[in-house]
Amino acid sequence: MATFWTKEVPATILVAALLIWIMPMIVGTFTLTVLVIYGMLGFSLGLIWGFGGILCFGQAAFFGLGAYTYAIAAINIGDSTIPMLLAILVPAAFAALLGAMMFYGRLTDVYLGVITLVVTLILFKFISSTAGPEYVIGKARLGGFNGIPGFQTLNVPGRPNDYIYGDPYFYFCAILLIIVYLLVSWLLKSSFGRVAIGIRENEVRVALMGYDVSARKTVLFSIGAAIAGLAGALFANWGEIVTPNLFSLGQSAEIIIWCIVGGLGTRIGPIVGAAGLAYLKFLLGQQSMIDNTLLTGIILVLFVLFLPKGLVPAIGSLWKVSFGRRRRFPRHGVRRLRGRSVGHG
Amino acid sequence: MACVAFAAGVSGMAETVLETAGLTMRFGGVVASDNVDFKLKAGELRCLIGPNGAGKSTFFKCITGLLTPTSGQVFMRGYETTGWNPHQVAGLGVGIKTQVPNLMDGLDVFENIWMAARRFLSMPDAMRKASEVIERLALGPIARTELGRLAHGERQRVELGLVVAADPWLVLLDEPAAGMSADDVERMSTIIREMTRTAAVVIVEHDMQFIRSIASTVTVFHQGAVLMEDHVDRVMADPTVRNVYLGKKA
Ligand SMILES: Nc1ncnc2c1ncn2[C@@H]1O[C@H](COP(=O)(O)OP(=O)(O)OP(=O)(O)O)[C@@H](O)[C@H]1O
Ligand SMILES: [Mg+2]
């Protein structure tokens, strides 16, 4: 914990500042902004899946919920400050309810996947079917498949006419990502985070130590949803429209692929995976020779086969082999003979 | 029947730390635990024996909340804990080692033991406690090694460390010495004897030599029910026990 404040925080800020300075010289800030937002979305799943062992097939649901919450609240309230906060709180509360239901119900991983998938589908179907004029929340029409355009975008708190857009919006998103990253890093170093990792490793053991596993998983799930919701609100501001596609299963699948490709169980991996693959998609979108979905599929298969741990861990071990001091793992004591079988049952 | 047992439990509460009344667990047609009445006094060391499939682990799981008994009750230090979750039972101060190793394989020895201590202690106290337990169980050289890389005997010792780190007043160990070398078994019995200074201990064990070395009262399970309960020497001399258990082993 001591080295966290003296080493990790300054190093993270330094690297991030360099990237924020250099990247706009290579890629336009409009594109960079969405890469940062996707990075945050990938990071949200990377947290609950990579560190909490919760595989959620519906992270897009929280992303979409954040975006819609923002849009609806912004139309009704005007100033963007409270809508931004609501976009974090509403998905978090929704996830807390859903999570409590799943984790206290002691569902196995398979059912957890199925339920999160179905919830995403239901939200997608529901939002898509709200074209009629009867679907209004306050002043906001849900708009069905066309989504909600024309809401108040991000402004300086208290001054609804001072919009934050263009380059400043990129810096705003990037700084938020750094803050979220540092907060999560701190969380993972805290007792709560370490126990969460313990739950990922062996849920039964952690319960047998006396920790309330269901409560802790629910909290972590909810934190992940809060981050995804924030990413959703940022996305809404970037695109200036929200549509049901935010909730789509395709989006959920993509988030999972980002995590696998970037490297599960690392903090930076899902961010890199998200930004990298999203940028690739952007480049491919400018031509029509190679099909986008096909290529994403091929990349996933190649990674699963040849780099199953993902990009960042692979680079990490490469780095260690070539630059790091060779670390040997001393095996203390010779592996003893297993006298008898370990019993039955 | 259950009511009578409960009343008896209340009257003897000062001494009895663990009691089951008519504890029964059915899996479909199999009666894995059959109307078990069991009592354990503070500071007692008790061994459970019985042939494979006798229902020892099932009995443990019903006590620890890993299974909810079909009928019957469990009492601990005045609480009725029937149907509690494992984390609630453990939260009372019950240390549990399951028959199947339950460890956090991706984490190192220190982290495993620290986590057990942290449940009941503040951050700095948990750090101190973890170091202390590591020293006491001679785990120092492997403190920073991942559990997944350890040999079986070391893993068993770490799991015992997890139990010790929480300072439990009741310890339930399901086959702690299984598959260990003679050296390891000896170290294990030393640790267990130390535990009995502060806790009541129940151990499921097959190894008769081990049971003799910690010399205690033995409860014999057979087909889910309690067959006999007496001192180890008398149990081993008993012809019925020899027949159902020892006879098969020889
Ligand atoms: N989850 C389960 N579902 C169905 N039957 C079970 C289950 N768990 C245990 N049993 C059965 O209950 C009986 C008792 O099993 P248990 O594991 O309690 O025995 P044990 O005394 O611990 O044996 P061992 O010495 O082999 O560990 C066995 O017949 C077993 O097959
Ligand atoms: Mg057993």
# chains A, B, ... in the order shown; residues from 1 in each chain; ligands from 1

$ interface_residues --of "chain B" --to "chain A" --cutoff "9 Å" --atoms "only C-alpha atoms" --output "PyMOL selection string"
chain B and resi 52-53+57+64+66+85-97+99-100+102-107+111-112+115-120+123+141-142+145+149-153+162-163+166+175+178-182

$ residues_around --residues "B:Ala130" --least-positions-apart "5" --cutoff "8 Å" --atoms "only C-alpha atoms" --output "number ranges by chain"
B: 110, 113-114, 117, 165

$ closest_atom_pairs --of "stretch 58-106 of chain B" --to "stretch 202-225 of chain B" --cutoff "9 Å" --atoms "only C-alpha atoms" --output "JSON lines"
{"residue": "B:Thr58", "atom": "CA", "partner": "B:Gly224", "partner_atom": "CA", "distance": 8.5}
{"residue": "B:Phe59", "atom": "CA", "partner": "B:Gly224", "partner_atom": "CA", "distance": 8.2}
{"residue": "B:Phe60", "atom": "CA", "partner": "B:Val204", "partner_atom": "CA", "distance": 8.9}
{"residue": "B:Gln99", "atom": "CA", "partner": "B:Val204", "partner_atom": "CA", "distance": 8.8}

$ atom_distance --atom1 "atom CA of A:Val114" --atom2 "atom CA of A:Leu55"
10.2 Å

$ select_by_dssp --residues "stretch 50-153 of chain B" --states "alpha helix (DSSP H)" --output "ChimeraX atom specification"
/B:56-64,86-91,109-118,123-136,152-153

$ write_last_selection --atoms "N, CA and C atoms" --output "short mmCIF file (atom, residue, chain, number, x, y, z; two decimals), in the first residue's frame"
data_model
loop_
_atom_site.label_atom_id
_atom_site.label_comp_id
_atom_site.auth_asym_id
_atom_site.auth_seq_id
_atom_site.Cartn_x
_atom_site.Cartn_y
_atom_site.Cartn_z
N LYS B 56 -19.37 -39.05 7.56
CA LYS B 56 -18.62 -38.11 8.40
C LYS B 56 -18.57 -36.72 7.76
N SER B 57 -18.24 -36.70 6.50
CA SER B 57 -18.14 -35.39 5.82
C SER B 57 -19.51 -34.74 5.72
N THR B 58 -20.52 -35.53 5.47
CA THR B 58 -21.88 -34.98 5.40
C THR B 58 -22.27 -34.35 6.73
N PHE B 59 -21.94 -35.03 7.81
CA PHE B 59 -22.20 -34.51 9.15
C PHE B 59 -21.50 -33.16 9.34
N PHE B 60 -20.24 -33.09 8.92
CA PHE B 60 -19.49 -31.83 8.99
C PHE B 60 -20.15 -30.73 8.19
N LYS B 61 -20.54 -31.10 6.98
CA LYS B 61 -21.11 -30.08 6.08
C LYS B 61 -22.43 -29.53 6.63
N CYS B 62 -23.16 -30.38 7.34
CA CYS B 62 -24.40 -29.90 7.94
C CYS B 62 -24.11 -28.93 9.08
N ILE B 63 -23.03 -29.18 9.80
CA ILE B 63 -22.66 -28.28 10.90
C ILE B 63 -22.15 -26.95 10.36
N THR B 64 -21.34 -27.02 9.29
CA THR B 64 -20.71 -25.80 8.80
C THR B 64 -21.59 -25.00 7.86
N PRO B 86 -22.45 -20.81 5.49
CA PRO B 86 -21.09 -21.06 5.99
C PRO B 86 -20.42 -19.81 6.56
N HIS B 87 -20.64 -18.66 5.90
CA HIS B 87 -19.93 -17.47 6.39
C HIS B 87 -20.46 -17.02 7.75
N GLN B 88 -21.72 -17.33 8.03
CA GLN B 88 -22.26 -16.98 9.34
C GLN B 88 -21.69 -17.89 10.41
N VAL B 89 -21.60 -19.17 10.09
CA VAL B 89 -21.02 -20.13 11.04
C VAL B 89 -19.56 -19.77 11.31
N ALA B 90 -18.82 -19.54 10.23
CA ALA B 90 -17.41 -19.19 10.39
C ALA B 90 -17.27 -17.88 11.15
N GLY B 91 -18.20 -16.97 10.91
CA GLY B 91 -18.16 -15.67 11.58
C GLY B 91 -18.32 -15.76 13.09
N VAL B 109 1.05 -17.85 -0.04
CA VAL B 109 0.74 -18.35 1.30
C VAL B 109 0.37 -17.20 2.24
N PHE B 110 1.16 -16.13 2.16
CA PHE B 110 0.90 -15.01 3.06
C PHE B 110 -0.50 -14.45 2.83
N GLU B 111 -0.85 -14.23 1.56
CA GLU B 111 -2.15 -13.64 1.23
C GLU B 111 -3.30 -14.53 1.73
N ASN B 112 -3.13 -15.84 1.56
CA ASN B 112 -4.15 -16.78 2.03
C ASN B 112 -4.36 -16.64 3.54
N ILE B 113 -3.27 -16.65 4.27
CA ILE B 113 -3.38 -16.62 5.72
C ILE B 113 -3.80 -15.24 6.21
N TRP B 114 -3.29 -14.22 5.54
CA TRP B 114 -3.67 -12.84 5.88
C TRP B 114 -5.20 -12.68 5.79
N MET B 115 -5.76 -13.22 4.74
CA MET B 115 -7.20 -13.05 4.52
C MET B 115 -8.02 -13.68 5.64
N ALA B 116 -7.56 -14.83 6.10
CA ALA B 116 -8.26 -15.49 7.20
C ALA B 116 -8.19 -14.62 8.47
N ALA B 117 -7.02 -14.02 8.70
CA ALA B 117 -6.84 -13.20 9.89
C ALA B 117 -7.61 -11.89 9.78
N ARG B 118 -7.65 -11.35 8.58
CA ARG B 118 -8.27 -10.03 8.36
C ARG B 118 -9.76 -10.03 8.68
N MET B 123 -6.36 -4.18 9.83
CA MET B 123 -5.30 -4.37 8.83
C MET B 123 -3.93 -4.64 9.45
N PRO B 124 -3.42 -3.75 10.32
CA PRO B 124 -2.08 -4.02 10.87
C PRO B 124 -2.04 -5.27 11.74
N ASP B 125 -3.10 -5.50 12.52
CA ASP B 125 -3.12 -6.70 13.36
C ASP B 125 -3.14 -7.98 12.51
N ALA B 126 -3.85 -7.92 11.39
CA ALA B 126 -3.91 -9.08 10.51
C ALA B 126 -2.55 -9.38 9.90
N MET B 127 -1.82 -8.30 9.56
CA MET B 127 -0.47 -8.49 9.02
C MET B 127 0.41 -9.20 10.05
N ARG B 128 0.32 -8.71 11.27
CA ARG B 128 1.13 -9.28 12.35
C ARG B 128 0.76 -10.74 12.58
N LYS B 129 -0.56 -10.96 12.63
CA LYS B 129 -1.06 -12.32 12.88
C LYS B 129 -0.58 -13.28 11.80
N ALA B 130 -0.68 -12.83 10.54
CA ALA B 130 -0.28 -13.70 9.43
C ALA B 130 1.20 -14.07 9.54
N SER B 131 2.05 -13.08 9.86
CA SER B 131 3.47 -13.37 10.00
C SER B 131 3.71 -14.35 11.14
N GLU B 132 2.97 -14.14 12.20
CA GLU B 132 3.12 -15.00 13.38
C GLU B 132 2.74 -16.45 13.05
N VAL B 133 1.61 -16.62 12.37
CA VAL B 133 1.15 -17.97 12.02
C VAL B 133 2.13 -18.63 11.06
N ILE B 134 2.64 -17.84 10.12
CA ILE B 134 3.60 -18.39 9.15
C ILE B 134 4.85 -18.90 9.86
N GLU B 135 5.27 -18.14 10.86
CA GLU B 135 6.44 -18.56 11.60
C GLU B 135 6.13 -19.82 12.42
N ARG B 136 4.97 -19.80 13.05
CA ARG B 136 4.60 -20.91 13.93
C ARG B 136 4.48 -22.22 13.14
N HIS B 152 1.57 -31.26 -1.78
CA HIS B 152 0.34 -31.56 -1.06
C HIS B 152 0.46 -31.33 0.45
N GLY B 153 1.54 -31.81 1.04
CA GLY B 153 1.71 -31.67 2.49
C GLY B 153 1.77 -30.21 2.91
#

$ residues_around --residues "A:Leu220" --least-positions-apart "6" --cutoff "10 Å" --atoms "only C-alpha atoms" --output "list of chain:residue names"
A:Leu47, A:Ile48, A:Trp49, A:Phe51, A:Gly52, A:Ile54, A:Ala92, A:Ala95, A:Ala96, A:Gly99, A:Phe192, A:Gly193, A:Ala196, A:Ala226

$ atom_distance --atom1 "atom CA of A:Ile148" --atom2 "atom CA of A:Trp238"
13.5 Å

$ atom_distance --atom1 "atom CA of B:Arg187" --atom2 "atom CA of B:Ala237"
27.5 Å

$ select_by_dssp --residues "stretch 9-181 of chain B" --states "strand (DSSP E or B)" --output "PyMOL selection string"
chain B and resi 16-27+30-41+45-49+71-76+79-80+94-97+108+146+170-174

$ residues_around --residues "A:Leu295" --least-positions-apart "3" --cutoff "12 Å" --atoms "only C-alpha atoms" --output "PDB file with N, CA, C and O atoms, in the first residue's frame"
ATOM      1  N   LEU A 277      -9.004  -2.687 -30.312  1.00  0.00           N
ATOM      2  CA  LEU A 277      -9.971  -3.310 -31.205  1.00  0.00           C
ATOM      3  C   LEU A 277     -10.958  -2.289 -31.766  1.00  0.00           C
ATOM      4  O   LEU A 277     -11.371  -2.381 -32.926  1.00  0.00           O
ATOM      5  N   ALA A 278     -11.314  -1.317 -30.936  1.00  0.00           N
ATOM      6  CA  ALA A 278     -12.247  -0.293 -31.422  1.00  0.00           C
ATOM      7  C   ALA A 278     -11.586   0.541 -32.517  1.00  0.00           C
ATOM      8  O   ALA A 278     -12.231   0.916 -33.495  1.00  0.00           O
ATOM      9  N   LEU A 280      -9.213  -0.494 -34.510  1.00  0.00           N
ATOM     10  CA  LEU A 280      -9.159  -1.380 -35.674  1.00  0.00           C
ATOM     11  C   LEU A 280     -10.495  -1.360 -36.409  1.00  0.00           C
ATOM     12  O   LEU A 280     -10.555  -1.275 -37.642  1.00  0.00           O
ATOM     13  N   LYS A 281     -11.549  -1.421 -35.625  1.00  0.00           N
ATOM     14  CA  LYS A 281     -12.892  -1.401 -36.207  1.00  0.00           C
ATOM     15  C   LYS A 281     -13.127  -0.086 -36.960  1.00  0.00           C
ATOM     16  O   LYS A 281     -13.689  -0.076 -38.050  1.00  0.00           O
ATOM     17  N   LEU A 283     -10.798   1.809 -38.338  1.00  0.00           N
ATOM     18  CA  LEU A 283     -10.005   1.795 -39.576  1.00  0.00           C
ATOM     19  C   LEU A 283     -10.693   0.938 -40.634  1.00  0.00           C
ATOM     20  O   LEU A 283     -10.782   1.304 -41.790  1.00  0.00           O
ATOM     21  N   LEU A 284     -11.183  -0.230 -40.195  1.00  0.00           N
ATOM     22  CA  LEU A 284     -11.823  -1.135 -41.142  1.00  0.00           C
ATOM     23  C   LEU A 284     -13.127  -0.543 -41.666  1.00  0.00           C
ATOM     24  O   LEU A 284     -13.543  -0.830 -42.784  1.00  0.00           O
ATOM     25  N   GLY A 285     -13.750   0.283 -40.844  1.00  0.00           N
ATOM     26  CA  GLY A 285     -15.009   0.902 -41.243  1.00  0.00           C
ATOM     27  C   GLY A 285     -14.834   1.808 -42.440  1.00  0.00           C
ATOM     28  O   GLY A 285     -15.785   2.127 -43.137  1.00  0.00           O
ATOM     29  N   MET A 289     -13.385  -3.943 -47.930  1.00  0.00           N
ATOM     30  CA  MET A 289     -12.836  -5.208 -48.417  1.00  0.00           C
ATOM     31  C   MET A 289     -12.991  -6.329 -47.390  1.00  0.00           C
ATOM     32  O   MET A 289     -13.435  -7.417 -47.705  1.00  0.00           O
ATOM     33  N   ILE A 290     -12.591  -6.034 -46.149  1.00  0.00           N
ATOM     34  CA  ILE A 290     -12.656  -7.068 -45.114  1.00  0.00           C
ATOM     35  C   ILE A 290     -13.848  -6.798 -44.215  1.00  0.00           C
ATOM     36  O   ILE A 290     -14.063  -5.664 -43.804  1.00  0.00           O
ATOM     37  N   ASP A 291     -14.571  -7.830 -43.915  1.00  0.00           N
ATOM     38  CA  ASP A 291     -15.724  -7.665 -43.032  1.00  0.00           C
ATOM     39  C   ASP A 291     -15.257  -7.525 -41.585  1.00  0.00           C
ATOM     40  O   ASP A 291     -14.409  -8.266 -41.104  1.00  0.00           O
ATOM     41  N   ASN A 292     -15.856  -6.541 -40.939  1.00  0.00           N
ATOM     42  CA  ASN A 292     -15.462  -6.171 -39.589  1.00  0.00           C
ATOM     43  C   ASN A 292     -15.644  -7.280 -38.554  1.00  0.00           C
ATOM     44  O   ASN A 292     -14.726  -7.660 -37.832  1.00  0.00           O
ATOM     45  N   ILE A 298     -11.851 -13.524 -36.027  1.00  0.00           N
ATOM     46  CA  ILE A 298     -10.552 -14.168 -36.281  1.00  0.00           C
ATOM     47  C   ILE A 298      -9.549 -13.771 -35.202  1.00  0.00           C
ATOM     48  O   ILE A 298      -8.808 -14.607 -34.678  1.00  0.00           O
ATOM     49  N   ILE A 299      -9.538 -12.483 -34.860  1.00  0.00           N
ATOM     50  CA  ILE A 299      -8.609 -12.021 -33.819  1.00  0.00           C
ATOM     51  C   ILE A 299      -8.863 -12.761 -32.503  1.00  0.00           C
ATOM     52  O   ILE A 299      -7.938 -13.243 -31.850  1.00  0.00           O
ATOM     53  N   LEU A 300     -10.142 -12.889 -32.160  1.00  0.00           N
ATOM     54  CA  LEU A 300     -10.476 -13.578 -30.915  1.00  0.00           C
ATOM     55  C   LEU A 300      -9.955 -15.010 -30.931  1.00  0.00           C
ATOM     56  O   LEU A 300      -9.298 -15.458 -29.985  1.00  0.00           O
ATOM     57  N   VAL A 301     -10.233 -15.710 -32.032  1.00  0.00           N
ATOM     58  CA  VAL A 301      -9.808 -17.109 -32.122  1.00  0.00           C
ATOM     59  C   VAL A 301      -8.288 -17.210 -32.028  1.00  0.00           C
ATOM     60  O   VAL A 301      -7.748 -18.053 -31.300  1.00  0.00           O
ATOM     61  N   LEU A 302      -7.589 -16.320 -32.750  1.00  0.00           N
ATOM     62  CA  LEU A 302      -6.121 -16.352 -32.716  1.00  0.00           C
ATOM     63  C   LEU A 302      -5.605 -16.132 -31.296  1.00  0.00           C
ATOM     64  O   LEU A 302      -4.676 -16.803 -30.845  1.00  0.00           O
TER      65      LEU A 302
END

$ closest_residue --among "B:Gly72, B:Gly50, B:Pro168, B:Gly148" --to "ligand 2" --atoms "only C-alpha atoms and all ligand atoms"
B:Gly50

$ residues_around --residues "A:Gly262" --least-positions-apart "5" --cutoff "7 Å" --atoms "only C-alpha atoms" --output "PyMOL selection string"
chain A and resi 269-270+272-273+310-312

$ write_last_selection --atoms "N, CA and C atoms" --output "compact mmCIF listing (two decimals), in the first residue's frame"
# COMPACT_ATOMS: atom_id res chain seq x y z
N GLY A 269 -5.04 -4.25 -19.31
CA GLY A 269 -5.38 -5.11 -20.46
C GLY A 269 -6.71 -4.78 -21.12
N PRO A 270 -7.81 -4.83 -20.36
CA PRO A 270 -9.11 -4.55 -20.98
C PRO A 270 -9.20 -3.16 -21.60
N VAL A 272 -6.60 -1.51 -23.00
CA VAL A 272 -5.84 -1.61 -24.23
C VAL A 272 -6.62 -2.41 -25.28
N GLY A 273 -7.21 -3.53 -24.82
CA GLY A 273 -7.99 -4.36 -25.73
C GLY A 273 -9.14 -3.58 -26.34
N GLY A 310 -3.86 -13.16 -23.10
CA GLY A 310 -4.08 -11.81 -23.58
C GLY A 310 -2.80 -11.05 -23.84
N LEU A 311 -2.97 -9.89 -24.46
CA LEU A 311 -1.86 -9.09 -24.93
C LEU A 311 -0.96 -8.58 -23.81
N VAL A 312 -1.57 -7.93 -22.83
CA VAL A 312 -0.77 -7.27 -21.79
C VAL A 312 0.06 -8.26 -20.97

$ closest_residue --among "B:Val36, B:Val226, B:Val74, B:Ile49" --to "ligand 1" --atoms "only C-alpha atoms and all ligand atoms"
B:Ile49

$ closest_residue --among "B:Arg234, B:Gln73, B:Phe38, B:Ala54" --to "ligand 1" --atoms "only C-alpha atoms and all ligand atoms"
B:Ala54
